Amino acid sequence: MNNLNSDEVIQVAMEIGENPESKNVDRLYVLKIFDKRKYYEQRALNIALKSLSIFITEIGDELDLYRIVPFIENVDMLNTIQSELFSIFENDNFNTKSREYAFGKWLVIDPKEKLQHIIDNFSEIKQNSAKESIIARIIIGWKGSIIEELKLLIEKEGGAKAKHIVARSREKEEKNEQIASEKKQQNVQKQYSNADLVEKICTLREKINDVTKSNQDFGFSLFPPNEAMFSQLKTANDNASLMKACVGLREIIQNLNNELANHGLIPEEIKSILPNTAEEDINKSLNKLFLYFHSKKYKINNDIFGLKLLNQLVGLLGAHPQSEKEKLIKKLTALNLYKAFQEEEWATIHQSLLEQYDKSLNLLFDAVKLKKSEE
């Protein structure tokens, strides 16, 4: 039949399905042909209804039911067989799978109305343990207020078997909810795995501010309040989020008190201290920090405790221009991050950048404390 064109196949299938001498297995086969070709005319529906009638009369196998009912459902005529479905559910001669399937499809026709019918007639239904158990097994996979009402009714008034089914379902739901909750918590912890490190950095910045405010060489907080630190809490999980994090981190590194410009050094002194620095870069924040520390006789290297390298790297990662690729590779290599960059370990890179910032701040803190202790 598959070698025939669609019209011929439908015609042959119709002849087989309508032939009173045909076996029900043949009718089931032609329903498959109709379904495959989306042929849902009344004559096809009549064949399906005939198959269902024979299934009920002969107490057929559930596999037959799995073919008949979906076809009728595809024709959008499931409501026309609701009495047949309910009769299969109630008939102890059918196997459990057929009864469960029929009951589930019966519920689909009008869930609210059907469930209310079960609730209203529960005192009678529960007299049959098999029927009650089938209902319990089907409804545990459903959600809704009326479903919950029926579950509570079974738990309160139902038989032991049905109660056990609902109880096991509750346990499974609670376990799944717990697993989902734990997974969600793990995801949150993973997503915000920088939280402890960011808190450590914030505390360290506050300590440095406390020292510089009380130090006669400064008399002001080195770091102004900066809400950009909160942007570092969420761990970078792709290149785009790493770029965003680097833009924020660069702002944090560069956001220093403008009072640092009051170092009192004259241009000639500045040129001798920063001979390779372009004139337009003299007033950049890290250079002002370097000059201020130098003017106050603090021990400070040209890399400014690693802040200069870090600032350059996050700047490159934040903009990521192809023209600066060689420079980027060089800076990444200097901090042992090139392999992580090649393997796209964005979270590792983000955390390492914050760790480097923390390390630089600790060196800065030590330098300020040491000078203060010498006063």
# chains A, B, ... in the order shown; residues from 1 in each chain; ligands from 1
$ select_by_dssp --residues "segment 67-108 of chain A" --states "alpha helix (DSSP H)" --output "ChimeraX atom specification"
/A:67-74,82-90,96-108
$ residues_around --residues "Ile300 of chain A" --least-positions-apart "3" --cutoff "8 Å" --atoms "only C-alpha atoms" --output "list in words"
Phe290, Phe293, His294, Ile304, Phe305 and Ala367 of chain A
$ closest_residue --among "A:Ile147, A:Ala278, A:Pro20, A:Lys330" --to "Lys114 of chain A" --atoms "only C-alpha atoms"
A:Ile147
$ residues_around --residues "Leu310 of chain A" --least-positions-apart "5" --cutoff "8 Å" --atoms "only C-alpha atoms" --output "list in words"
Leu353, Gln356 and Tyr357 of chain A
$ residues_around --residues "Val25 of chain A" --least-positions-apart "4" --cutoff "9 Å" --atoms "only C-alpha atoms" --output "number ranges by chain"
A: 29-30, 51, 64
